[in-house]
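A.B. asks: Pasting a structure below so you can have a look.
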Amino acid sequence: MTYGFDTLAIHAGQEPEARTGAVVPPIFQTSTFAQDAVGEPRLGYEYARSGNPTRDALQECLAALEGGRRGLTFASGLSAEDTLLRTVCRPGDHVVIPDDAYGGTYRLFAKVAERWGLSWTAARISDIDQVRAAVTDKTKVIWVETPTNPLLGIADIAGLAGLARENDALLVVDNTFASPYLQQPLAHGADIVVHSTTKYIGGHSDVVGGALVVSDPGLGDELAYHQNAMGGINGPFDAWLTLRGVKTLGVRMDRHCDNAERIAAYLQRHPKVAQVLYPGLPTHPGHETAAKQMRRFGGMISFRAAGGEGAAVDVCNRTKLFVLAESLGGVESLIEHPGKMTHASAAGSPLEVPSDLVRLSVGIETADDLLADLEQALG
Ligand SMILES: *Cc1c(COP(=O)(O)O)cnc(C)c1O
């Protein structure tokens, strides 16, 4: 039988431990495992870079939550991305990336991978014709985020999967903003799902990590080979914290969405707000596509301050409950100025973001308190 999302979040990969019955998977804080005889590692575990039972529990759980066959976890989202690129790409290959990609993802392509012979083109991924125009006969990967960071653009996953297939390219979806509770890209034809588990999956702003999930077993084996060969793994304590967080993912996401919907509606009526970017608003250009592929619209909202850059910076400095910080997806609400913070590395590039933009990661606090905080900060 197949279980529902919340059941999988709590049980997938998390059988009570065989020897003691411990209900929660133990933290196997060990670098190596005793072998029964030469060449006979117990249950396949020999060295903790290659395999660790705590990490395996998390990997199995994430694979189940994304509806994939294989999950692999890493020290960070960027480590997962790097492992993915160096597994599927060769020098001379080309990649299409979103023109408002996460700043660190952009930096990985522009400042690191390019030196190793990988070329890239930034395209507006909400416009499939722009993506098609960016594809060349060398394109190996079409890389999308949906919703995008920080402009909350929406990509049509099924449409892009078709385009990728026609061109013998792989469709990679960074599903960090939606989380598998709201969106399962593999079901819409994506080849690889990427996560920064630092965000909603961990959910408590206390651990950094990344993940890859795939359906194809051959691709899964290749990625697993590189996970071990390149060594960018997460440690057992980080895997355990992430697994502890993911159990409540569905419950948290529903509250993130409830709060974000109220705040987006409030901001839309505010005279000091020029534009609200939230895919749940019927006025958002990606609303219909988002409604097709997402259960709800998530906890991330960006807005443009009517008073320009100065006003945007002022709001960020004035909130009391919304903590001024980078990152997102935790239980506490955060506010930031992408142009000067998360996306500063994209300044002067095709990925530069508007200077009057403010990004909110709406937490799961009491909604009235969050609204009151924004009301005083907008003054
Ligand atoms: C944070 C983030 C990443 C990078 O993940 P790290 O865990 O910080 O390395 C990648 N993509 C998106 C959308 C992110 O928000």
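Ligands are numbered from 1 in the order shown, residues from 1 within each chain, and chains are lettered A, B, ... in the order they appear in the structure tokens.
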Tell me, as a ChimeraX atom specification, which residues lie within 8 Å of A:Gly307, counting only C-alpha atoms; anything in the same chain fewer than 3 positions away does not count.
C.D. replies: /A:272,310-312,356
A.B. asks: Using only C-alpha atoms, which protein or nucleic acid residues come within 12 Å of A:Thr136? Drop anything in the same chain fewer than 4 positions from it, and give the result as a ChimeraX atom specification.
C.D. replies: /A:92-96,119-121,131-132,140-142,163-164,166-169
A.B. asks: Could you state the separation of atom CA of A:Gly162 and atom CA of A:Thr105 in Å, given to one decimal place?
C.D. replies: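 About the pair atom CA of A:Gly162 and atom CA of A:Thr105: they are 23.5 Å apart.
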A.B. asks: Would you mind reading off the distance between atom CA of A:Ala224 and atom CA of A:Gly209, one decimal, in Å?
C.D. replies: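 That distance, rounded to one decimal, is 16.2 Å.
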A.B. asks: Around ligand 1, at most 10 Å away and counting only C-alpha atoms and all ligand atoms, which residues are there? Put them as a VMD selection string, please.
C.D. replies: chain A and resid 74 to 82 101 to 106 144 to 150 173 to 178 194 to 200 207 to 211 326 to 329 342
A.B. asks: Which residues are close to A:Ala123, i.e. within 10 Å by only C-alpha atoms, leaving aside same-chain residues fewer than 6 positions away? Reply as a list in words.
C.D. replies: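 So, after excluding close chain neighbours, the residues are Val96, Ile97, Pro98, Asp99, Asp100, Ala101, Asp129, Gln130, Val131, Arg132, Ala133, Ala134, Val135, Trp143, Val144, Pro350 and Leu351 of chain A.
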A.B. asks: For the residues in that selection, give me C-alpha atoms as a PDB file, in the first residue's frame.
C.D. replies:
ATOM      1  CA  VAL A  96      20.651  26.805 -19.142  1.00  0.00           C
ATOM      2  CA  ILE A  97      20.071  28.497 -15.773  1.00  0.00           C
ATOM      3  CA  PRO A  98      17.304  30.807 -14.506  1.00  0.00           C
ATOM      4  CA  ASP A  99      17.999  34.538 -14.929  1.00  0.00           C
ATOM      5  CA  ASP A 100      17.145  34.968 -11.240  1.00  0.00           C
ATOM      6  CA  ALA A 101      18.791  31.816  -9.882  1.00  0.00           C
ATOM      7  CA  ASP A 129      10.280  30.112 -25.641  1.00  0.00           C
ATOM      8  CA  GLN A 130      13.207  31.944 -24.020  1.00  0.00           C
ATOM      9  CA  VAL A 131      14.465  28.677 -22.588  1.00  0.00           C
ATOM     10  CA  ARG A 132      14.078  26.965 -25.988  1.00  0.00           C
ATOM     11  CA  ALA A 133      16.054  29.789 -27.610  1.00  0.00           C
ATOM     12  CA  ALA A 134      18.845  29.361 -25.039  1.00  0.00           C
ATOM     13  CA  VAL A 135      19.239  25.627 -25.710  1.00  0.00           C
ATOM     14  CA  TRP A 143      18.285  23.992 -14.556  1.00  0.00           C
ATOM     15  CA  VAL A 144      15.204  25.548 -13.022  1.00  0.00           C
ATOM     16  CA  PRO A 350      22.318  39.392 -15.977  1.00  0.00           C
ATOM     17  CA  LEU A 351      20.985  38.084 -12.644  1.00  0.00           C
TER      18      LEU A 351
END
A.B. asks: Distance table requested - stretch 144-188 of chain A against stretch 280-286 of chain A, cut-off 8 Å, only C-alpha atoms: one row per qualifying residue with the closest atom pair and its distance in Å to one decimal, ordered by chain and rising residue number, as CSV.
C.D. replies:
residue,atom,partner,partner_atom,distance
A:Gly153,CA,A:Gly286,CA,6.6
A:Ile154,CA,A:Gly286,CA,5.1
A:Ala155,CA,A:Gly286,CA,7.7
A.B. asks: Could those residues be written to a file, using N, CA, C and O atoms, as a short mmCIF file (atom, residue, chain, number, x, y, z; two decimals), in the first residue's frame?
C.D. replies:
data_model
loop_
_atom_site.label_atom_id
_atom_site.label_comp_id
_atom_site.auth_asym_id
_atom_site.auth_seq_id
_atom_site.Cartn_x
_atom_site.Cartn_y
_atom_site.Cartn_z
N GLY A 153 9.31 33.69 -9.62
CA GLY A 153 8.85 33.31 -10.95
C GLY A 153 8.47 31.82 -10.95
O GLY A 153 8.98 31.05 -10.13
N ILE A 154 7.57 31.44 -11.85
CA ILE A 154 7.10 30.06 -11.90
C ILE A 154 7.48 29.44 -13.25
O ILE A 154 7.21 30.01 -14.30
N ALA A 155 8.11 28.27 -13.20
CA ALA A 155 8.44 27.53 -14.42
C ALA A 155 7.44 26.39 -14.58
O ALA A 155 7.04 25.76 -13.60
#
A.B. asks: Separation of atom CA of A:Ser205 and atom CA of A:Leu241, in Å?
C.D. replies: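 Distance between the two atoms: 10.4 Å.
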A.B. asks: Please identify all polymer residues within 12 Å of A:Ile10, counting only C-alpha atoms, omitting same-chain residues fewer than 4 positions from it, and present them as a ChimeraX atom specification.
C.D. replies: /A:3-6,14-16,23-25,57-58,60-62,64-65,243-251
A.B. asks: I want to know what sits within 9 Å of A:Glu66, based on only C-alpha atoms, with residues of the same chain fewer than 2 positions away left out; could you give that as an mmCIF file with all heavy atoms, in the first residue's frame?
C.D. replies:
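As written to disk, result_1.cif reads:
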data_model
loop_
_atom_site.group_PDB
_atom_site.id
_atom_site.type_symbol
_atom_site.label_atom_id
_atom_site.label_comp_id
_atom_site.auth_asym_id
_atom_site.auth_seq_id
_atom_site.Cartn_x
_atom_site.Cartn_y
_atom_site.Cartn_z
ATOM 1 N N CYS A 61 14.163 8.587 3.393
ATOM 2 C CA CYS A 61 12.981 9.397 3.675
ATOM 3 C C CYS A 61 12.771 10.446 2.575
ATOM 4 O O CYS A 61 11.664 10.601 2.056
ATOM 5 C CB CYS A 61 13.125 10.065 5.043
ATOM 6 S SG CYS A 61 11.692 11.042 5.504
ATOM 7 N N LEU A 62 13.848 11.136 2.180
ATOM 8 C CA LEU A 62 13.700 12.184 1.161
ATOM 9 C C LEU A 62 13.311 11.588 -0.192
ATOM 10 O O LEU A 62 12.512 12.178 -0.930
ATOM 11 C CB LEU A 62 14.986 13.010 1.040
ATOM 12 C CG LEU A 62 15.345 13.846 2.274
ATOM 13 C CD1 LEU A 62 16.606 14.669 2.014
ATOM 14 C CD2 LEU A 62 14.200 14.754 2.689
ATOM 15 N N ALA A 63 13.866 10.422 -0.519
ATOM 16 C CA ALA A 63 13.479 9.763 -1.780
ATOM 17 C C ALA A 63 11.975 9.480 -1.765
ATOM 18 O O ALA A 63 11.265 9.738 -2.742
ATOM 19 C CB ALA A 63 14.271 8.474 -1.976
ATOM 20 N N ALA A 64 11.467 8.988 -0.625
ATOM 21 C CA ALA A 64 10.029 8.685 -0.522
ATOM 22 C C ALA A 64 9.194 9.958 -0.648
ATOM 23 O O ALA A 64 8.164 9.975 -1.326
ATOM 24 C CB ALA A 64 9.739 7.986 0.802
ATOM 25 N N GLY A 68 10.695 9.578 -5.478
ATOM 26 C CA GLY A 68 11.825 9.110 -6.289
ATOM 27 C C GLY A 68 12.298 7.739 -5.843
ATOM 28 O O GLY A 68 11.756 7.138 -4.908
ATOM 29 N N ARG A 69 13.326 7.218 -6.534
ATOM 30 C CA ARG A 69 13.865 5.907 -6.189
ATOM 31 C C ARG A 69 15.116 6.016 -5.332
ATOM 32 O O ARG A 69 15.446 5.107 -4.582
ATOM 33 C CB ARG A 69 14.243 5.140 -7.478
ATOM 34 C CG ARG A 69 13.091 4.885 -8.421
ATOM 35 C CD ARG A 69 12.394 3.570 -8.142
ATOM 36 N NE ARG A 69 13.205 2.411 -8.511
ATOM 37 C CZ ARG A 69 13.199 1.838 -9.713
ATOM 38 N NH1 ARG A 69 12.445 2.319 -10.672
ATOM 39 N NH2 ARG A 69 13.951 0.782 -9.953
ATOM 40 N N GLY A 71 17.677 8.772 -3.003
ATOM 41 C CA GLY A 71 17.986 10.077 -2.419
ATOM 42 C C GLY A 71 19.422 10.065 -1.936
ATOM 43 O O GLY A 71 19.910 9.047 -1.459
ATOM 44 N N SER A 179 9.401 22.780 -1.436
ATOM 45 C CA SER A 179 9.493 21.571 -0.609
ATOM 46 C C SER A 179 8.647 20.473 -1.254
ATOM 47 O O SER A 179 7.690 20.770 -1.973
ATOM 48 C CB SER A 179 9.050 21.793 0.850
ATOM 49 O OG SER A 179 7.661 21.530 0.995
ATOM 50 N N PRO A 180 8.974 19.212 -0.979
ATOM 51 C CA PRO A 180 8.205 18.123 -1.594
ATOM 52 C C PRO A 180 6.750 18.077 -1.134
ATOM 53 O O PRO A 180 5.919 17.456 -1.793
ATOM 54 C CB PRO A 180 8.955 16.853 -1.168
ATOM 55 C CG PRO A 180 9.852 17.257 -0.049
ATOM 56 C CD PRO A 180 10.129 18.709 -0.218
ATOM 57 N N TYR A 181 6.424 18.747 -0.042
ATOM 58 C CA TYR A 181 5.021 18.752 0.388
ATOM 59 C C TYR A 181 4.152 19.522 -0.603
ATOM 60 O O TYR A 181 3.025 19.150 -0.881
ATOM 61 C CB TYR A 181 4.900 19.369 1.785
ATOM 62 C CG TYR A 181 3.477 19.447 2.291
ATOM 63 C CD1 TYR A 181 2.771 18.291 2.636
ATOM 64 C CD2 TYR A 181 2.821 20.673 2.416
ATOM 65 C CE1 TYR A 181 1.467 18.365 3.090
ATOM 66 C CE2 TYR A 181 1.519 20.751 2.883
ATOM 67 C CZ TYR A 181 0.847 19.595 3.220
ATOM 68 O OH TYR A 181 -0.449 19.659 3.673
ATOM 69 N N GLN A 183 5.197 20.392 -3.863
ATOM 70 C CA GLN A 183 5.484 20.153 -5.284
ATOM 71 C C GLN A 183 6.445 18.979 -5.433
ATOM 72 O O GLN A 183 7.468 18.922 -4.750
ATOM 73 C CB GLN A 183 6.109 21.430 -5.836
ATOM 74 C CG GLN A 183 6.633 21.371 -7.258
ATOM 75 C CD GLN A 183 7.064 22.764 -7.702
ATOM 76 O OE1 GLN A 183 6.235 23.567 -8.109
ATOM 77 N NE2 GLN A 183 8.358 23.049 -7.610
ATOM 78 N N GLN A 184 6.097 18.062 -6.353
ATOM 79 C CA GLN A 184 6.952 16.898 -6.593
ATOM 80 C C GLN A 184 7.368 16.881 -8.062
ATOM 81 O O GLN A 184 6.692 16.308 -8.913
ATOM 82 C CB GLN A 184 6.214 15.617 -6.214
ATOM 83 C CG GLN A 184 5.911 15.583 -4.720
ATOM 84 C CD GLN A 184 5.192 14.334 -4.307
ATOM 85 O OE1 GLN A 184 4.225 13.925 -4.948
ATOM 86 N NE2 GLN A 184 5.658 13.722 -3.233
ATOM 87 N N PRO A 185 8.512 17.507 -8.377
ATOM 88 C CA PRO A 185 8.916 17.692 -9.783
ATOM 89 C C PRO A 185 9.099 16.385 -10.560
ATOM 90 O O PRO A 185 8.841 16.356 -11.768
ATOM 91 C CB PRO A 185 10.245 18.444 -9.665
ATOM 92 C CG PRO A 185 10.157 19.154 -8.352
ATOM 93 C CD PRO A 185 9.420 18.216 -7.456
ATOM 94 N N LEU A 186 9.510 15.302 -9.905
ATOM 95 C CA LEU A 186 9.738 14.051 -10.647
ATOM 96 C C LEU A 186 8.431 13.574 -11.282
ATOM 97 O O LEU A 186 8.421 13.057 -12.400
ATOM 98 C CB LEU A 186 10.315 12.966 -9.727
ATOM 99 C CG LEU A 186 11.679 13.261 -9.085
ATOM 100 C CD1 LEU A 186 12.059 12.139 -8.115
ATOM 101 C CD2 LEU A 186 12.770 13.440 -10.137
ATOM 102 N N ALA A 187 7.318 13.791 -10.588
ATOM 103 C CA ALA A 187 6.015 13.360 -11.114
ATOM 104 C C ALA A 187 5.632 14.155 -12.355
ATOM 105 O O ALA A 187 4.805 13.707 -13.154
ATOM 106 C CB ALA A 187 4.945 13.513 -10.036
ATOM 107 N N VAL A 193 15.864 16.202 -8.729
ATOM 108 C CA VAL A 193 15.431 17.244 -7.799
ATOM 109 C C VAL A 193 16.606 17.605 -6.905
ATOM 110 O O VAL A 193 17.312 16.729 -6.405
ATOM 111 C CB VAL A 193 14.235 16.764 -6.949
ATOM 112 C CG1 VAL A 193 13.934 17.756 -5.826
ATOM 113 C CG2 VAL A 193 13.009 16.573 -7.820
ATOM 114 N N VAL A 213 17.512 13.965 -5.482
ATOM 115 C CA VAL A 213 16.607 12.812 -5.572
ATOM 116 C C VAL A 213 16.351 12.529 -7.054
ATOM 117 O O VAL A 213 16.114 13.467 -7.834
ATOM 118 C CB VAL A 213 15.265 13.052 -4.847
ATOM 119 C CG1 VAL A 213 14.382 11.809 -4.934
ATOM 120 C CG2 VAL A 213 15.480 13.435 -3.383
ATOM 121 N N VAL A 214 16.413 11.256 -7.427
ATOM 122 C CA VAL A 214 16.166 10.866 -8.820
ATOM 123 C C VAL A 214 15.260 9.634 -8.870
ATOM 124 O O VAL A 214 15.135 8.905 -7.884
ATOM 125 C CB VAL A 214 17.488 10.538 -9.580
ATOM 126 C CG1 VAL A 214 18.399 11.755 -9.637
ATOM 127 C CG2 VAL A 214 18.218 9.373 -8.933
#
A.B. asks: Write out as a VMD selection string all residues of stretch 174-357 of chain A that backbone DSSP assigns to strand (DSSP E).
C.D. replies: chain A and resid 174 192 to 196 210 to 214 273 to 277 300 to 305 323 to 324 334 to 336 357
A.B. asks: For A:Tyr225, which residue out of A:Thr87, A:Thr242, A:Gln293, A:Gln376 is the nearest one, using only C-alpha atoms?
C.D. replies: A:Thr87
A.B. asks: Excluding A:Phe303 and its own-chain neighbours fewer than 4 positions away, which residues fall within 7 Å of it when counting only C-alpha atoms? Please give them as a list of chain:residue names.
C.D. replies: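 Listing them by chain and then by number gives A:Val273, A:Gln275, A:Val276, A:Leu277, A:Leu357, A:Val358, A:Arg359.
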A.B. asks: With C-alpha atoms retained, could you export that selection as an mmCIF file, in the first residue's frame?
C.D. replies:
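File produced: out28.cif:
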data_model
loop_
_atom_site.group_PDB
_atom_site.id
_atom_site.type_symbol
_atom_site.label_atom_id
_atom_site.label_comp_id
_atom_site.auth_asym_id
_atom_site.auth_seq_id
_atom_site.Cartn_x
_atom_site.Cartn_y
_atom_site.Cartn_z
ATOM 1 C CA VAL A 273 4.145 48.637 -1.462
ATOM 2 C CA GLN A 275 4.181 45.299 -6.136
ATOM 3 C CA VAL A 276 3.764 41.973 -4.322
ATOM 4 C CA LEU A 277 5.376 38.878 -5.824
ATOM 5 C CA LEU A 357 13.092 44.442 -3.507
ATOM 6 C CA VAL A 358 12.433 43.011 -0.031
ATOM 7 C CA ARG A 359 12.178 39.258 0.560
#
A.B. asks: With distances taken over only C-alpha atoms, which residue among A:Leu360, A:Val331, A:Leu182, A:Leu223 lies nearest A:Ala264?
C.D. replies: A:Leu360
